[in-house]
Amino acid sequence: MKKILITGGAGFIGSHVVRFFVNQYPEYEIFNLDKLTYAGNLENLKDIQKRSNYHFIKADIVDEKAILELFKKNKFDGVIHLAAESHVDRSISNPTEFIYTNIVGTVNLLNAFRNIWKDDFSQKRFYHISTDEVYGSLGEEGVFLETTPYDPRSPYSASKASSDHLVRAYYHTFGMPVVLSNCSNNYGPFQFPEKLIPLAINNIKHGRSIPIYGKGENIRDWLFVLDHARAIDLIFHKGKLGETYNIGGNNEWKNIDLIHLLCDIMDRKLGQSEGTSRQLITFVKDRAGHDLRYAIDSSKLQKELGWKPSLNFETGLEKTVDWYLNNQIWLDNVTSGDYQKFYNNQYVKR
Ligand code: NAD
Ligand code: TYD
């Protein structure tokens, strides 16, 4: 039986990846390692927590000794590394945490993996999950390719870029069996309501204003989270060692157009008259260093591994809205306590 460690499995994307692997591969033992920060929530995995091939480990990837001990004890054959501080706005108000978790944490995992296999890596694999934000900001034209030079512009993307470089350095220097992917903006169930789509859904539900940074003209490429999980499965099993794969939805939206679409879906679902939610849109001070546009060319992944996105955006967004409307308790739980403090600092005091 293979032992696979998934880090950050209690977070948004990680919980979908853990569920996917636990269901798809009963012959694997899946270990979910997570510190359970504000973004980690074991409620996300309630449906699989008792499965015999699932184990949870509460640990901090920044804790070098603890990580090495865990690797020595469990001898993981594969690592899928998602644990990270992931929110750009938090990286602007507190960059240091991002350096520890995203850079030092990644190096600790690389070192522990190297240490237990003593550089004999046959049948082993270390998969590092990253973001398209490492490539910087596009103008109106162009797309990110795997060969696009890195140009990170926020503390979040700079910390992810740094970890990507280190993972590649371990491949070249030590022959570590690594593979990487850089994905565009994900959306779907279980996303913490600090990110645009769940934050807007939650605010519309409560009749609160929807904060749009600047003029709402920034563009993101959006991918349904389960399509990312499917890509991760393919790349983990079939990706070529040392290679990077871009993952994207071929689905670019200006923030303001996305929010208009979301408002219309919400009005319909809540039985409100058309235009009600749009009245909540409020333009607020722009994010510092706000990247204008991200767009991904995922043709390498499509051609080499046969992946493509399965859902169109309207369908995915409807599914997402339905999930949030049907999971009020989850939303209430994650927005109590510390969330109020974050929300006040980010939106009320500014
Ligand atoms: P998330 O913030 O929802 O979850 C992160 C998880 O990591 C949480 O469960 C948290 O508890 C855990 N974690 C944080 N610090 C830790 C530490 N020191 N030790 C152990 N666990 C720790 O993030 P997400 O949106 O699910 O993103 C997951 C990964 O995917 C990240 O590496 C992110 O950079 C990458 N990514 C995200 C997106 C996106 O749109 N969300 C897009 C591309 C890539
Ligand atoms: P976000 O979900 O934070 O993802 P990222 O910054 O990683 O792309 O933001 C998506 C876009 O929405 C981004 O251009 C910033 C913008 N945004 C707002 O306009 N208002 C908000 O309240 C948030 C959280 C984001």
# chains A, B, ... in the order shown; residues from 1 in each chain; ligands from 1

$ closest_atom_pairs --of "chain A" --to "ligand 1" --cutoff "7 Å" --atoms "only C-alpha atoms and all ligand atoms" --output "JSON lines"
{"residue": "A:Thr7", "atom": "CA", "partner": "ligand 1", "partner_atom_place_in_ligand_line": "21 (N)", "distance": 6.3}
{"residue": "A:Gly8", "atom": "CA", "partner": "ligand 1", "partner_atom_place_in_ligand_line": "7 (O)", "distance": 3.6}
{"residue": "A:Gly9", "atom": "CA", "partner": "ligand 1", "partner_atom_place_in_ligand_line": "9 (O)", "distance": 5.7}
{"residue": "A:Ala10", "atom": "CA", "partner": "ligand 1", "partner_atom_place_in_ligand_line": "9 (O)", "distance": 4.0}
{"residue": "A:Gly11", "atom": "CA", "partner": "ligand 1", "partner_atom_place_in_ligand_line": "9 (O)", "distance": 3.2}
{"residue": "A:Phe12", "atom": "CA", "partner": "ligand 1", "partner_atom_place_in_ligand_line": "26 (O)", "distance": 3.7}
{"residue": "A:Ile13", "atom": "CA", "partner": "ligand 1", "partner_atom_place_in_ligand_line": "26 (O)", "distance": 3.7}
{"residue": "A:Gly14", "atom": "CA", "partner": "ligand 1", "partner_atom_place_in_ligand_line": "26 (O)", "distance": 5.3}
{"residue": "A:Leu33", "atom": "CA", "partner": "ligand 1", "partner_atom_place_in_ligand_line": "20 (C)", "distance": 6.4}
{"residue": "A:Asp34", "atom": "CA", "partner": "ligand 1", "partner_atom_place_in_ligand_line": "21 (N)", "distance": 3.8}
{"residue": "A:Lys35", "atom": "CA", "partner": "ligand 1", "partner_atom_place_in_ligand_line": "20 (C)", "distance": 3.9}
{"residue": "A:Leu36", "atom": "CA", "partner": "ligand 1", "partner_atom_place_in_ligand_line": "11 (O)", "distance": 3.7}
{"residue": "A:Thr37", "atom": "CA", "partner": "ligand 1", "partner_atom_place_in_ligand_line": "11 (O)", "distance": 3.9}
{"residue": "A:Tyr38", "atom": "CA", "partner": "ligand 1", "partner_atom_place_in_ligand_line": "11 (O)", "distance": 6.4}
{"residue": "A:Ala39", "atom": "CA", "partner": "ligand 1", "partner_atom_place_in_ligand_line": "8 (C)", "distance": 4.6}
{"residue": "A:Gly40", "atom": "CA", "partner": "ligand 1", "partner_atom_place_in_ligand_line": "9 (O)", "distance": 3.2}
{"residue": "A:Asn41", "atom": "CA", "partner": "ligand 1", "partner_atom_place_in_ligand_line": "9 (O)", "distance": 6.4}
{"residue": "A:Ala59", "atom": "CA", "partner": "ligand 1", "partner_atom_place_in_ligand_line": "20 (C)", "distance": 5.8}
{"residue": "A:Asp60", "atom": "CA", "partner": "ligand 1", "partner_atom_place_in_ligand_line": "19 (N)", "distance": 3.6}
{"residue": "A:Ile61", "atom": "CA", "partner": "ligand 1", "partner_atom_place_in_ligand_line": "19 (N)", "distance": 4.1}
{"residue": "A:Val62", "atom": "CA", "partner": "ligand 1", "partner_atom_place_in_ligand_line": "18 (N)", "distance": 5.3}
{"residue": "A:Leu82", "atom": "CA", "partner": "ligand 1", "partner_atom_place_in_ligand_line": "32 (O)", "distance": 4.1}
{"residue": "A:Ala83", "atom": "CA", "partner": "ligand 1", "partner_atom_place_in_ligand_line": "7 (O)", "distance": 3.6}
{"residue": "A:Ala84", "atom": "CA", "partner": "ligand 1", "partner_atom_place_in_ligand_line": "14 (C)", "distance": 4.5}
{"residue": "A:Glu85", "atom": "CA", "partner": "ligand 1", "partner_atom_place_in_ligand_line": "14 (C)", "distance": 5.2}
{"residue": "A:Ser86", "atom": "CA", "partner": "ligand 1", "partner_atom_place_in_ligand_line": "2 (O)", "distance": 4.6}
{"residue": "A:His87", "atom": "CA", "partner": "ligand 1", "partner_atom_place_in_ligand_line": "2 (O)", "distance": 6.7}
{"residue": "A:Thr101", "atom": "CA", "partner": "ligand 1", "partner_atom_place_in_ligand_line": "18 (N)", "distance": 4.5}
{"residue": "A:Gly105", "atom": "CA", "partner": "ligand 1", "partner_atom_place_in_ligand_line": "18 (N)", "distance": 6.4}
{"residue": "A:Ile129", "atom": "CA", "partner": "ligand 1", "partner_atom_place_in_ligand_line": "32 (O)", "distance": 5.4}
{"residue": "A:Ser130", "atom": "CA", "partner": "ligand 1", "partner_atom_place_in_ligand_line": "44 (C)", "distance": 4.6}
{"residue": "A:Thr131", "atom": "CA", "partner": "ligand 1", "partner_atom_place_in_ligand_line": "44 (C)", "distance": 3.8}
{"residue": "A:Asp132", "atom": "CA", "partner": "ligand 1", "partner_atom_place_in_ligand_line": "43 (C)", "distance": 6.4}
{"residue": "A:Lys160", "atom": "CA", "partner": "ligand 1", "partner_atom_place_in_ligand_line": "34 (O)", "distance": 6.5}
{"residue": "A:Asn182", "atom": "CA", "partner": "ligand 1", "partner_atom_place_in_ligand_line": "43 (C)", "distance": 6.2}
{"residue": "A:Cys183", "atom": "CA", "partner": "ligand 1", "partner_atom_place_in_ligand_line": "43 (C)", "distance": 4.3}
{"residue": "A:Ser184", "atom": "CA", "partner": "ligand 1", "partner_atom_place_in_ligand_line": "42 (C)", "distance": 5.0}
{"residue": "A:Asn185", "atom": "CA", "partner": "ligand 1", "partner_atom_place_in_ligand_line": "40 (O)", "distance": 3.6}
{"residue": "A:Asn186", "atom": "CA", "partner": "ligand 1", "partner_atom_place_in_ligand_line": "40 (O)", "distance": 3.8}
{"residue": "A:Tyr187", "atom": "CA", "partner": "ligand 1", "partner_atom_place_in_ligand_line": "40 (O)", "distance": 6.6}
{"residue": "A:Gln191", "atom": "CA", "partner": "ligand 1", "partner_atom_place_in_ligand_line": "3 (O)", "distance": 6.2}
{"residue": "A:Phe192", "atom": "CA", "partner": "ligand 1", "partner_atom_place_in_ligand_line": "3 (O)", "distance": 6.1}

$ write_last_selection --atoms "C-alpha atoms" --output "mmCIF file, in the first residue's frame"
data_model
loop_
_atom_site.group_PDB
_atom_site.id
_atom_site.type_symbol
_atom_site.label_atom_id
_atom_site.label_comp_id
_atom_site.auth_asym_id
_atom_site.auth_seq_id
_atom_site.Cartn_x
_atom_site.Cartn_y
_atom_site.Cartn_z
ATOM 1 C CA THR A 7 -0.497 18.884 3.197
ATOM 2 C CA GLY A 8 -3.140 21.562 3.712
ATOM 3 C CA GLY A 9 -5.877 18.970 3.297
ATOM 4 C CA ALA A 10 -8.266 20.765 5.655
ATOM 5 C CA GLY A 11 -8.269 23.872 3.445
ATOM 6 C CA PHE A 12 -10.370 24.671 0.397
ATOM 7 C CA ILE A 13 -8.576 22.903 -2.468
ATOM 8 C CA GLY A 14 -6.816 20.403 -0.187
ATOM 9 C CA LEU A 33 -1.317 17.022 7.472
ATOM 10 C CA ASP A 34 -2.679 20.413 8.473
ATOM 11 C CA LYS A 35 -1.986 23.045 11.125
ATOM 12 C CA LEU A 36 -5.672 24.030 11.155
ATOM 13 C CA THR A 37 -5.126 27.753 10.792
ATOM 14 C CA TYR A 38 -8.165 29.999 10.347
ATOM 15 C CA ALA A 39 -8.391 28.524 6.808
ATOM 16 C CA GLY A 40 -8.263 24.863 7.838
ATOM 17 C CA ASN A 41 -11.483 23.185 8.883
ATOM 18 C CA ALA A 59 1.181 19.630 12.518
ATOM 19 C CA ASP A 60 2.905 22.801 11.411
ATOM 20 C CA ILE A 61 5.153 22.472 8.343
ATOM 21 C CA VAL A 62 7.348 25.250 9.774
ATOM 22 C CA LEU A 82 -0.873 22.343 -0.774
ATOM 23 C CA ALA A 83 -0.400 23.822 2.716
ATOM 24 C CA ALA A 84 0.128 27.551 2.419
ATOM 25 C CA GLU A 85 -0.958 30.958 3.491
ATOM 26 C CA SER A 86 -3.078 31.735 0.445
ATOM 27 C CA HIS A 87 -4.786 35.134 0.665
ATOM 28 C CA THR A 101 4.799 28.760 5.890
ATOM 29 C CA GLY A 105 7.595 25.062 5.346
ATOM 30 C CA ILE A 129 1.002 22.925 -5.930
ATOM 31 C CA SER A 130 1.411 26.539 -6.955
ATOM 32 C CA THR A 131 -0.393 29.471 -8.479
ATOM 33 C CA ASP A 132 -0.436 31.432 -11.740
ATOM 34 C CA LYS A 160 4.995 30.981 -3.743
ATOM 35 C CA ASN A 182 0.512 26.503 -11.407
ATOM 36 C CA CYS A 183 -3.226 27.020 -11.410
ATOM 37 C CA SER A 184 -5.539 29.986 -11.886
ATOM 38 C CA ASN A 185 -8.246 31.158 -9.423
ATOM 39 C CA ASN A 186 -10.324 28.307 -8.038
ATOM 40 C CA TYR A 187 -13.937 28.552 -6.908
ATOM 41 C CA GLN A 191 -13.812 28.145 -0.046
ATOM 42 C CA PHE A 192 -13.185 30.449 2.903
#

$ residues_near_ligand --ligand "ligand 2" --cutoff "10 Å" --atoms "only C-alpha atoms and all ligand atoms" --output "ChimeraX atom specification"
/A:86-90,131-133,154,156-157,184-187,191-200,209-222,253-256,258-259,282-287,290-294,343,346-347

$ residues_around --residues "Ala158 of chain A" --least-positions-apart "6" --cutoff "9 Å" --atoms "only C-alpha atoms" --output "ChimeraX atom specification"
/A:99,133-134,151-152

$ write_last_selection --atoms "all heavy atoms" --output "short mmCIF file (atom, residue, chain, number, x, y, z; two decimals), in the first residue's frame"
data_model
loop_
_atom_site.label_atom_id
_atom_site.label_comp_id
_atom_site.auth_asym_id
_atom_site.auth_seq_id
_atom_site.Cartn_x
_atom_site.Cartn_y
_atom_site.Cartn_z
N ILE A 99 6.22 34.01 4.54
CA ILE A 99 7.60 33.57 4.34
C ILE A 99 7.84 32.27 5.10
O ILE A 99 8.39 31.30 4.56
CB ILE A 99 8.61 34.66 4.83
CG1 ILE A 99 8.26 36.03 4.24
CG2 ILE A 99 10.05 34.26 4.56
CD1 ILE A 99 8.10 36.08 2.75
N GLU A 133 -0.14 33.21 -10.08
CA GLU A 133 0.23 34.58 -9.67
C GLU A 133 1.75 34.78 -9.68
O GLU A 133 2.22 35.91 -9.69
CB GLU A 133 -0.38 34.91 -8.30
CG GLU A 133 -1.88 34.73 -8.33
CD GLU A 133 -2.64 35.28 -7.13
OE1 GLU A 133 -2.11 36.17 -6.45
OE2 GLU A 133 -3.76 34.79 -6.89
N VAL A 134 2.52 33.68 -9.70
CA VAL A 134 3.99 33.80 -9.75
C VAL A 134 4.46 34.47 -11.04
O VAL A 134 5.54 35.03 -11.09
CB VAL A 134 4.70 32.42 -9.63
CG1 VAL A 134 4.40 31.78 -8.29
CG2 VAL A 134 4.31 31.50 -10.78
N ASP A 151 7.54 36.80 -12.23
CA ASP A 151 7.54 38.23 -11.93
C ASP A 151 6.52 38.52 -10.83
O ASP A 151 5.59 39.31 -11.03
CB ASP A 151 7.19 39.01 -13.22
CG ASP A 151 7.26 40.51 -13.02
OD1 ASP A 151 7.94 40.97 -12.09
OD2 ASP A 151 6.60 41.22 -13.81
N PRO A 152 6.69 37.85 -9.65
CA PRO A 152 5.65 37.98 -8.61
C PRO A 152 5.63 39.39 -8.05
O PRO A 152 6.66 40.03 -7.95
CB PRO A 152 6.11 36.98 -7.56
CG PRO A 152 7.58 36.87 -7.74
CD PRO A 152 7.84 37.05 -9.21
#

$ select_by_dssp --residues "segment 102-191 of chain A" --states "helix (DSSP H, G or I)" --output "PyMOL selection string"
chain A and resi 102-117+132-135+155-174

$ write_last_selection --atoms "N, CA and C atoms" --output "tab-separated table (two decimals), in the first residue's frame"
chain	number	residue	atom	x	y	z
A	102	ASN	N	5.11	29.38	3.55
A	102	ASN	CA	5.20	29.05	2.13
A	102	ASN	C	6.63	28.71	1.70
A	103	ILE	N	7.61	29.35	2.32
A	103	ILE	CA	9.00	29.08	1.91
A	103	ILE	C	9.67	28.09	2.87
A	104	VAL	N	9.76	28.47	4.14
A	104	VAL	CA	10.45	27.59	5.11
A	104	VAL	C	9.71	26.24	5.21
A	105	GLY	N	8.40	26.30	5.26
A	105	GLY	CA	7.59	25.06	5.35
A	105	GLY	C	7.88	24.13	4.18
A	106	THR	N	7.96	24.69	2.98
A	106	THR	CA	8.22	23.86	1.79
A	106	THR	C	9.62	23.23	1.87
A	107	VAL	N	10.60	24.02	2.30
A	107	VAL	CA	11.96	23.48	2.42
A	107	VAL	C	12.01	22.37	3.47
A	108	ASN	N	11.29	22.55	4.56
A	108	ASN	CA	11.26	21.49	5.58
A	108	ASN	C	10.71	20.18	5.01
A	109	LEU	N	9.69	20.27	4.19
A	109	LEU	CA	9.11	19.06	3.58
A	109	LEU	C	10.09	18.43	2.60
A	110	LEU	N	10.74	19.27	1.79
A	110	LEU	CA	11.73	18.76	0.82
A	110	LEU	C	12.86	18.04	1.57
A	111	ASN	N	13.37	18.67	2.64
A	111	ASN	CA	14.48	18.08	3.40
A	111	ASN	C	14.07	16.77	4.06
A	112	ALA	N	12.88	16.73	4.62
A	112	ALA	CA	12.42	15.51	5.30
A	112	ALA	C	12.26	14.38	4.29
A	113	PHE	N	11.73	14.68	3.12
A	113	PHE	CA	11.53	13.68	2.07
A	113	PHE	C	12.88	13.12	1.62
A	114	ARG	N	13.84	14.03	1.44
A	114	ARG	CA	15.19	13.63	1.05
A	114	ARG	C	15.83	12.77	2.12
A	115	ASN	N	15.63	13.20	3.35
A	115	ASN	CA	16.26	12.52	4.48
A	115	ASN	C	15.79	11.06	4.59
A	116	ILE	N	14.50	10.81	4.43
A	116	ILE	CA	14.05	9.42	4.64
A	116	ILE	C	14.40	8.52	3.47
A	117	TRP	N	14.48	9.07	2.25
A	117	TRP	CA	14.76	8.20	1.10
A	117	TRP	C	16.25	8.20	0.73
A	132	ASP	N	-0.82	30.65	-10.55
A	132	ASP	CA	-0.44	31.43	-11.74
A	132	ASP	C	0.09	32.82	-11.35
A	133	GLU	N	-0.14	33.21	-10.08
A	133	GLU	CA	0.23	34.58	-9.67
A	133	GLU	C	1.75	34.78	-9.68
A	134	VAL	N	2.52	33.68	-9.70
A	134	VAL	CA	3.99	33.80	-9.75
A	134	VAL	C	4.46	34.47	-11.04
A	135	TYR	N	3.63	34.39	-12.09
A	135	TYR	CA	4.04	34.96	-13.39
A	135	TYR	C	3.84	36.47	-13.46
A	155	PRO	N	3.42	39.91	-1.72
A	155	PRO	CA	4.16	39.01	-0.82
A	155	PRO	C	3.69	37.56	-0.96
A	156	TYR	N	2.39	37.36	-1.20
A	156	TYR	CA	1.89	35.99	-1.41
A	156	TYR	C	2.56	35.36	-2.62
A	157	SER	N	2.48	36.04	-3.78
A	157	SER	CA	3.01	35.41	-5.00
A	157	SER	C	4.53	35.30	-4.94
A	158	ALA	N	5.19	36.26	-4.26
A	158	ALA	CA	6.66	36.18	-4.13
A	158	ALA	C	7.05	34.97	-3.28
A	159	SER	N	6.25	34.69	-2.24
A	159	SER	CA	6.59	33.53	-1.39
A	159	SER	C	6.32	32.22	-2.15
A	160	LYS	N	5.27	32.19	-2.96
A	160	LYS	CA	4.99	30.98	-3.74
A	160	LYS	C	6.08	30.81	-4.82
A	161	ALA	N	6.48	31.91	-5.46
A	161	ALA	CA	7.53	31.84	-6.49
A	161	ALA	C	8.81	31.28	-5.88
A	162	SER	N	9.13	31.78	-4.69
A	162	SER	CA	10.34	31.32	-4.01
A	162	SER	C	10.27	29.82	-3.75
A	163	SER	N	9.12	29.35	-3.30
A	163	SER	CA	9.01	27.91	-3.02
A	163	SER	C	9.10	27.11	-4.32
A	164	ASP	N	8.54	27.62	-5.41
A	164	ASP	CA	8.64	26.92	-6.71
A	164	ASP	C	10.11	26.78	-7.11
A	165	HIS	N	10.87	27.87	-6.95
A	165	HIS	CA	12.29	27.84	-7.32
A	165	HIS	C	13.04	26.80	-6.50
A	166	LEU	N	12.71	26.75	-5.20
A	166	LEU	CA	13.40	25.79	-4.33
A	166	LEU	C	13.08	24.35	-4.73
A	167	VAL	N	11.83	24.10	-5.06
A	167	VAL	CA	11.44	22.74	-5.47
A	167	VAL	C	12.22	22.34	-6.73
A	168	ARG	N	12.31	23.25	-7.69
A	168	ARG	CA	13.07	22.96	-8.92
A	168	ARG	C	14.57	22.81	-8.61
A	169	ALA	N	15.06	23.61	-7.68
A	169	ALA	CA	16.49	23.50	-7.31
A	169	ALA	C	16.78	22.11	-6.72
A	170	TYR	N	15.84	21.57	-5.94
A	170	TYR	CA	16.04	20.23	-5.35
A	170	TYR	C	16.01	19.15	-6.44
A	171	TYR	N	15.26	19.39	-7.50
A	171	TYR	CA	15.25	18.45	-8.64
A	171	TYR	C	16.63	18.45	-9.31
A	172	HIS	N	17.12	19.65	-9.61
A	172	HIS	CA	18.40	19.74	-10.34
A	172	HIS	C	19.58	19.35	-9.46
A	173	THR	N	19.55	19.76	-8.20
A	173	THR	CA	20.71	19.54	-7.34
A	173	THR	C	20.76	18.13	-6.75
A	174	PHE	N	19.60	17.65	-6.29
A	174	PHE	CA	19.60	16.38	-5.55
A	174	PHE	C	18.87	15.25	-6.29

$ residues_around --residues "Phe76 of chain A" --least-positions-apart "5" --cutoff "8 Å" --atoms "only C-alpha atoms" --output "list of chain:residue names"
A:Lys2, A:Lys3, A:Ile4, A:Leu5, A:Phe71, A:Phe113

$ write_last_selection --atoms "all heavy atoms" --output "mmCIF file, in the first residue's frame"
data_model
loop_
_atom_site.group_PDB
_atom_site.id
_atom_site.type_symbol
_atom_site.label_atom_id
_atom_site.label_comp_id
_atom_site.auth_asym_id
_atom_site.auth_seq_id
_atom_site.Cartn_x
_atom_site.Cartn_y
_atom_site.Cartn_z
ATOM 1 N N LYS A 2 0.529 2.205 -0.879
ATOM 2 C CA LYS A 2 1.300 3.445 -0.929
ATOM 3 C C LYS A 2 0.843 4.409 0.137
ATOM 4 O O LYS A 2 -0.357 4.541 0.387
ATOM 5 C CB LYS A 2 1.086 4.106 -2.284
ATOM 6 C CG LYS A 2 1.985 3.580 -3.351
ATOM 7 C CD LYS A 2 1.949 4.518 -4.540
ATOM 8 C CE LYS A 2 2.988 4.093 -5.555
ATOM 9 N NZ LYS A 2 2.826 4.785 -6.815
ATOM 10 N N LYS A 3 1.789 5.110 0.746
ATOM 11 C CA LYS A 3 1.436 6.135 1.734
ATOM 12 C C LYS A 3 1.600 7.502 1.099
ATOM 13 O O LYS A 3 2.721 7.868 0.707
ATOM 14 C CB LYS A 3 2.357 6.030 2.950
ATOM 15 C CG LYS A 3 2.101 4.787 3.785
ATOM 16 C CD LYS A 3 2.945 4.846 5.028
ATOM 17 C CE LYS A 3 2.537 3.749 5.994
ATOM 18 N NZ LYS A 3 3.228 3.876 7.269
ATOM 19 N N ILE A 4 0.506 8.236 1.020
ATOM 20 C CA ILE A 4 0.549 9.555 0.380
ATOM 21 C C ILE A 4 0.249 10.622 1.425
ATOM 22 O O ILE A 4 -0.788 10.563 2.107
ATOM 23 C CB ILE A 4 -0.521 9.667 -0.742
ATOM 24 C CG1 ILE A 4 -0.471 8.473 -1.704
ATOM 25 C CG2 ILE A 4 -0.392 11.017 -1.480
ATOM 26 C CD1 ILE A 4 0.771 8.368 -2.511
ATOM 27 N N LEU A 5 1.142 11.600 1.524
ATOM 28 C CA LEU A 5 0.917 12.730 2.417
ATOM 29 C C LEU A 5 0.348 13.900 1.614
ATOM 30 O O LEU A 5 0.939 14.324 0.614
ATOM 31 C CB LEU A 5 2.249 13.176 3.043
ATOM 32 C CG LEU A 5 2.142 14.425 3.929
ATOM 33 C CD1 LEU A 5 1.408 14.104 5.233
ATOM 34 C CD2 LEU A 5 3.518 15.005 4.231
ATOM 35 N N PHE A 71 7.980 12.133 9.013
ATOM 36 C CA PHE A 71 8.436 11.440 7.798
ATOM 37 C C PHE A 71 9.172 10.154 8.161
ATOM 38 O O PHE A 71 8.994 9.119 7.528
ATOM 39 C CB PHE A 71 9.335 12.361 6.952
ATOM 40 C CG PHE A 71 8.561 13.233 5.995
ATOM 41 C CD1 PHE A 71 7.769 14.271 6.469
ATOM 42 C CD2 PHE A 71 8.617 13.017 4.625
ATOM 43 C CE1 PHE A 71 7.056 15.084 5.588
ATOM 44 C CE2 PHE A 71 7.909 13.824 3.739
ATOM 45 C CZ PHE A 71 7.133 14.862 4.218
ATOM 46 N N PHE A 113 11.725 14.684 3.124
ATOM 47 C CA PHE A 113 11.529 13.676 2.073
ATOM 48 C C PHE A 113 12.880 13.117 1.616
ATOM 49 O O PHE A 113 13.069 11.912 1.475
ATOM 50 C CB PHE A 113 10.793 14.336 0.898
ATOM 51 C CG PHE A 113 10.246 13.378 -0.124
ATOM 52 C CD1 PHE A 113 9.112 12.628 0.133
ATOM 53 C CD2 PHE A 113 10.865 13.230 -1.362
ATOM 54 C CE1 PHE A 113 8.601 11.756 -0.814
ATOM 55 C CE2 PHE A 113 10.366 12.360 -2.315
ATOM 56 C CZ PHE A 113 9.230 11.620 -2.050
#

$ residues_around --residues "segment 324-331 of chain A" --least-positions-apart "5" --cutoff "8 Å" --atoms "only C-alpha atoms" --output "mmCIF file with N, CA and C atoms, in the first residue's frame"
data_model
loop_
_atom_site.group_PDB
_atom_site.id
_atom_site.type_symbol
_atom_site.label_atom_id
_atom_site.label_comp_id
_atom_site.auth_asym_id
_atom_site.auth_seq_id
_atom_site.Cartn_x
_atom_site.Cartn_y
_atom_site.Cartn_z
ATOM 1 N N GLU A 43 -14.360 20.141 9.344
ATOM 2 C CA GLU A 43 -15.757 19.985 8.892
ATOM 3 C C GLU A 43 -15.802 19.717 7.388
ATOM 4 N N PRO A 189 -17.406 24.847 -3.583
ATOM 5 C CA PRO A 189 -17.748 24.625 -2.177
ATOM 6 C C PRO A 189 -16.524 24.644 -1.261
ATOM 7 N N PRO A 198 -16.989 33.562 -2.524
ATOM 8 C CA PRO A 198 -17.762 33.269 -1.304
ATOM 9 C C PRO A 198 -18.011 34.506 -0.448
ATOM 10 N N ILE A 201 -21.067 36.069 -2.021
ATOM 11 C CA ILE A 201 -22.284 35.278 -1.749
ATOM 12 C C ILE A 201 -22.753 35.538 -0.322
ATOM 13 N N ASN A 202 -21.809 35.492 0.609
ATOM 14 C CA ASN A 202 -22.146 35.675 2.026
ATOM 15 C C ASN A 202 -22.721 37.079 2.276
#

$ residues_around --residues "Tyr127 of chain A" --least-positions-apart "2" --cutoff "6 Å" --atoms "only C-alpha atoms" --output "list in words"
Val79, Ile80, Val178, Val179 and Leu180 of chain A

$ residues_around --residues "segment 15-29 of chain A" --least-positions-apart "6" --cutoff "8 Å" --atoms "only C-alpha atoms" --output "ChimeraX atom specification"
/A:1-4,6,8-9,44-45,48,51,53-55,225-226,229,232-233

$ atom_distance --atom1 "atom CA of His237 of chain A" --atom2 "atom CA of Gly136 of chain A"
28.6 Å

$ select_by_dssp --residues "segment 49-282 of chain A" --states "strand (DSSP E)" --output "PyMOL selection string"
chain A and resi 54-58+78-81+125-131+178-183+185-187+210-213+219-224+244-247+252-254+281-282

$ atom_distance --atom1 "atom CA of Trp307 of chain A" --atom2 "atom CA of Leu234 of chain A"
7.8 Å

$ atom_distance --atom1 "atom CA of Val321 of chain A" --atom2 "atom CA of Tyr339 of chain A"
20.4 Å

$ closest_residue --among "A:Gln49, A:Leu223, A:Phe342, A:Ala295" --to "Gly139 of chain A" --atoms "only C-alpha atoms"
A:Ala295
